[in-house]
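Step one of this worksheet: look at the structure below.
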Amino acid sequence: MAESKKAPQNRTIVLNKDEKEYFLKKIIRLNKSVSVASIINKTIIGNFFKIKKYLPNNFVDLLIVDPPYNLHKNFNTIKFKGMNNDAYSLWFESFFTLCLPLLKENASIYICSDWKSSIAIQPVLEKHVIVRNRITWEREKGRGSKTNWKNNTEDIWFATRSDKYIFNVDDVKVKRKVLAPYKREDGKPKDWAESDGNKYRLTHPSNIWTDITVPFWSMQENTDHPTQKPEKLIAKLILASSNKGDVVLDPFLGSGTTSAVAKKLERNFIGIELDEDFACLAEKRLKLAEDSDEIQGYSDGVFWERNTLSERENTRKKKK
């Protein structure tokens, strides 16, 4: 995590020693029951299984969970060991049932997984909540194999506690180029508009996402976290299933994508993370979000079909 000399185009967010000491002072630890007001917009360091008992009930509008997938993985100082599907399902259920009392009755839930973890996660969700959909997104990266198909997709399970829930469909439409720009009888565009010489249409979001780019070294949101989710991906979840001022909880915060995006989109957030370095990275990203609310691939209230630089950033570059 130590800061080192980077290539000119490498925008990866890193921590130096002084920054870590500074951000550690902002992180909170729980050893007694707390109010919502005392933890809102905070990063909590600790093991969710141990600190859940200190959290208040019925205060979360949106739960976003990116748990360790069912494989061997090192998360800096934390190691997760893969297990058989039955054991992983029991582990996930032991975690998920702790989350349920924290949620409001109209809360929405998103659970990230890969193909293997999905097999174990779905039955648990079906048992405790209402499963609405399974999103599959293309993460592009992934090692090739001579004996198997390349694994380059992941799942996100969408569930709710009840039939009363938020879904802001107009906030998550995708702006796509129109290949066949049909016109009405009066000659005016049909379901499309022209911008900068190109023809675009706002389309309803589906459960197949091919417009996401995994963070990499030249992107300003990138960190050294091994399973970091793209800000654009988390932005879709937050915009669709919460309103401004709602509370978003991420109990496996990692390097802070959920908190940073929630702040940029004017939601309240609470992030829980076990590793000190990642928790400090999350705080640094929150600090950076004070200077810029940009989310790559999302600008002017619209998701673009590829995760390119925002129109605002491109416009600034052209003016230079």
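Here's how to read the names in the structure tokens: chain A, B, ... by the order shown, residue numbers from 1 in each chain, ligand numbers from 1 in the order shown.
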
So that I can see what lies close to A:Ser118, please list as a list in words the residues with an atom at most 10 Å from it, counting only C-alpha atoms and leaving out residues fewer than 3 positions away in the same chain.
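Answer for this query is Tyr69, Asn70, Asn85, Ser89, Ile111, Cys112, Ser113, Asp114, Trp115, Ile121, Gln122, Pro123, Arg134, Glu154, Asp155, Ile156 and Trp157 of chain A.
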
Picked from stretch 47-259 of chain A by DSSP as strand (DSSP E or B), as a PyMOL selection string:
chain A and resi 60-65+73-75+78-80+103-113+130-138+153-160+174-177+183+189+193-195+198-203+208-209+247-250

Shortest interatomic distance to A:Thr257 - which of A:Ser206, A:Thr223, A:Asn84, A:Asn243, counting only C-alpha atoms
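Smallest distance to A:Thr257 is found for A:Thr223.
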
Set the distance at 7 Å and use only C-alpha atoms: which residues neighbour A:Val172 once local chain neighbours fewer than 5 positions away are removed? I'd like the list as a ChimeraX atom specification.
/A:205,236,239-240,303

Please list as a PyMOL selection string every residue within 6 Å of A:Thr160, counting only C-alpha atoms and excluding residues in the same chain fewer than 3 positions away.
chain A and resi 108-109+130

Those of stretch 94-311 of chain A in DSSP alpha helix (DSSP H), formatted as a PyMOL selection string
chain A and resi 94-99+115-128+231-241+257-264+276-289+311

Determine, counting only C-alpha atoms, which protein, DNA and RNA residues have an atom within 12 Å of an atom of A:Gly301; residues of the same chain fewer than 4 positions away are not included. Present the result as a short mmCIF file (atom, residue, chain, number, x, y, z; two decimals) with N, CA and C atoms, in the first residue's frame.
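Now in selection-v9.cif:
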```cif
data_model
loop_
_atom_site.label_atom_id
_atom_site.label_comp_id
_atom_site.auth_asym_id
_atom_site.auth_seq_id
_atom_site.Cartn_x
_atom_site.Cartn_y
_atom_site.Cartn_z
N ASP A 170 -35.99 5.60 -14.57
CA ASP A 170 -35.54 6.69 -15.43
C ASP A 170 -34.13 7.16 -15.08
N ASP A 171 -33.68 6.86 -13.87
CA ASP A 171 -32.35 7.29 -13.44
C ASP A 171 -31.24 6.36 -13.91
N VAL A 172 -31.61 5.21 -14.46
CA VAL A 172 -30.58 4.24 -14.86
C VAL A 172 -30.71 3.82 -16.33
N LYS A 173 -31.34 4.65 -17.11
CA LYS A 173 -31.40 4.35 -18.54
C LYS A 173 -30.02 4.54 -19.17
N VAL A 174 -29.79 3.83 -20.24
CA VAL A 174 -28.49 3.84 -20.91
C VAL A 174 -28.61 4.59 -22.23
N LYS A 175 -27.64 5.48 -22.49
CA LYS A 175 -27.63 6.25 -23.73
C LYS A 175 -26.83 5.49 -24.78
N LEU A 202 -32.25 6.81 -25.39
CA LEU A 202 -32.22 6.35 -24.00
C LEU A 202 -33.00 5.04 -23.93
N ALA A 235 -22.94 2.84 -8.97
CA ALA A 235 -23.83 3.99 -9.21
C ALA A 235 -25.19 3.53 -9.74
N LYS A 236 -25.19 2.52 -10.60
CA LYS A 236 -26.46 2.00 -11.13
C LYS A 236 -27.33 1.45 -10.00
N LEU A 239 -28.55 4.51 -7.70
CA LEU A 239 -29.54 5.36 -8.35
C LEU A 239 -30.87 4.65 -8.54
N LEU A 265 -23.43 10.79 -5.09
CA LEU A 265 -24.82 10.81 -5.51
C LEU A 265 -25.76 11.31 -4.41
N GLU A 294 -17.36 13.21 -10.12
CA GLU A 294 -17.42 12.51 -11.40
C GLU A 294 -17.37 11.00 -11.23
N ILE A 295 -18.15 10.32 -12.05
CA ILE A 295 -18.17 8.87 -12.12
C ILE A 295 -17.95 8.50 -13.57
N GLY A 297 -18.09 7.14 -17.04
CA GLY A 297 -19.15 6.44 -17.75
C GLY A 297 -20.54 6.94 -17.41
N SER A 310 -16.02 10.89 -18.68
CA SER A 310 -17.26 11.65 -18.72
C SER A 310 -17.16 12.77 -19.74
N GLU A 311 -18.30 13.21 -20.21
CA GLU A 311 -18.34 14.29 -21.17
C GLU A 311 -17.72 15.57 -20.60
N ARG A 312 -17.90 15.78 -19.30
CA ARG A 312 -17.32 16.98 -18.69
C ARG A 312 -15.80 16.95 -18.77
#
```

Nearby residues (only C-alpha atoms) at most 7 Å from A:Trp209, same-chain spacing under 2 positions excluded, as a ChimeraX atom specification
/A:136-138,207,211-212

Output N, CA and C atoms for every residue in the selection just made, as a PDB file, in the first residue's frame.
```pdb
ATOM      1  N   THR A 136     -26.242  -9.940 -14.704  1.00  0.00           N
ATOM      2  CA  THR A 136     -24.940 -10.483 -15.096  1.00  0.00           C
ATOM      3  C   THR A 136     -24.180  -9.390 -15.834  1.00  0.00           C
ATOM      4  N   TRP A 137     -22.979  -9.119 -15.381  1.00  0.00           N
ATOM      5  CA  TRP A 137     -22.191  -8.054 -16.023  1.00  0.00           C
ATOM      6  C   TRP A 137     -20.858  -8.587 -16.519  1.00  0.00           C
ATOM      7  N   GLU A 138     -20.435  -8.030 -17.634  1.00  0.00           N
ATOM      8  CA  GLU A 138     -19.189  -8.450 -18.274  1.00  0.00           C
ATOM      9  C   GLU A 138     -18.041  -7.623 -17.717  1.00  0.00           C
ATOM     10  N   ASN A 207     -30.933  -6.753 -17.502  1.00  0.00           N
ATOM     11  CA  ASN A 207     -30.136  -7.459 -16.502  1.00  0.00           C
ATOM     12  C   ASN A 207     -28.856  -8.049 -17.096  1.00  0.00           C
ATOM     13  N   ASP A 211     -21.633  -2.664 -20.488  1.00  0.00           N
ATOM     14  CA  ASP A 211     -21.119  -1.295 -20.593  1.00  0.00           C
ATOM     15  C   ASP A 211     -20.208  -0.923 -19.434  1.00  0.00           C
ATOM     16  N   ILE A 212     -19.670  -1.933 -18.745  1.00  0.00           N
ATOM     17  CA  ILE A 212     -18.856  -1.705 -17.545  1.00  0.00           C
ATOM     18  C   ILE A 212     -17.384  -2.018 -17.836  1.00  0.00           C
TER      19      ILE A 212
END
```

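The shortest atom-to-atom distance to A:Asn10, with only C-alpha atoms taken into account, belongs to A:Trp217 out of A:Tyr298, A:Phe59, A:Trp217, A:Phe80.
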
Counting only C-alpha atoms, which residue out of A:Asn168, A:Ser38, A:Thr43, A:Asn57 sits closest to A:Lys104?
A:Asn57

Using only C-alpha atoms: which of A:Ser94, A:Ser242, A:Ser162, A:Asn222 has the shortest distance to A:Leu281
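Closest to A:Leu281, using only C-alpha atoms: A:Asn222.
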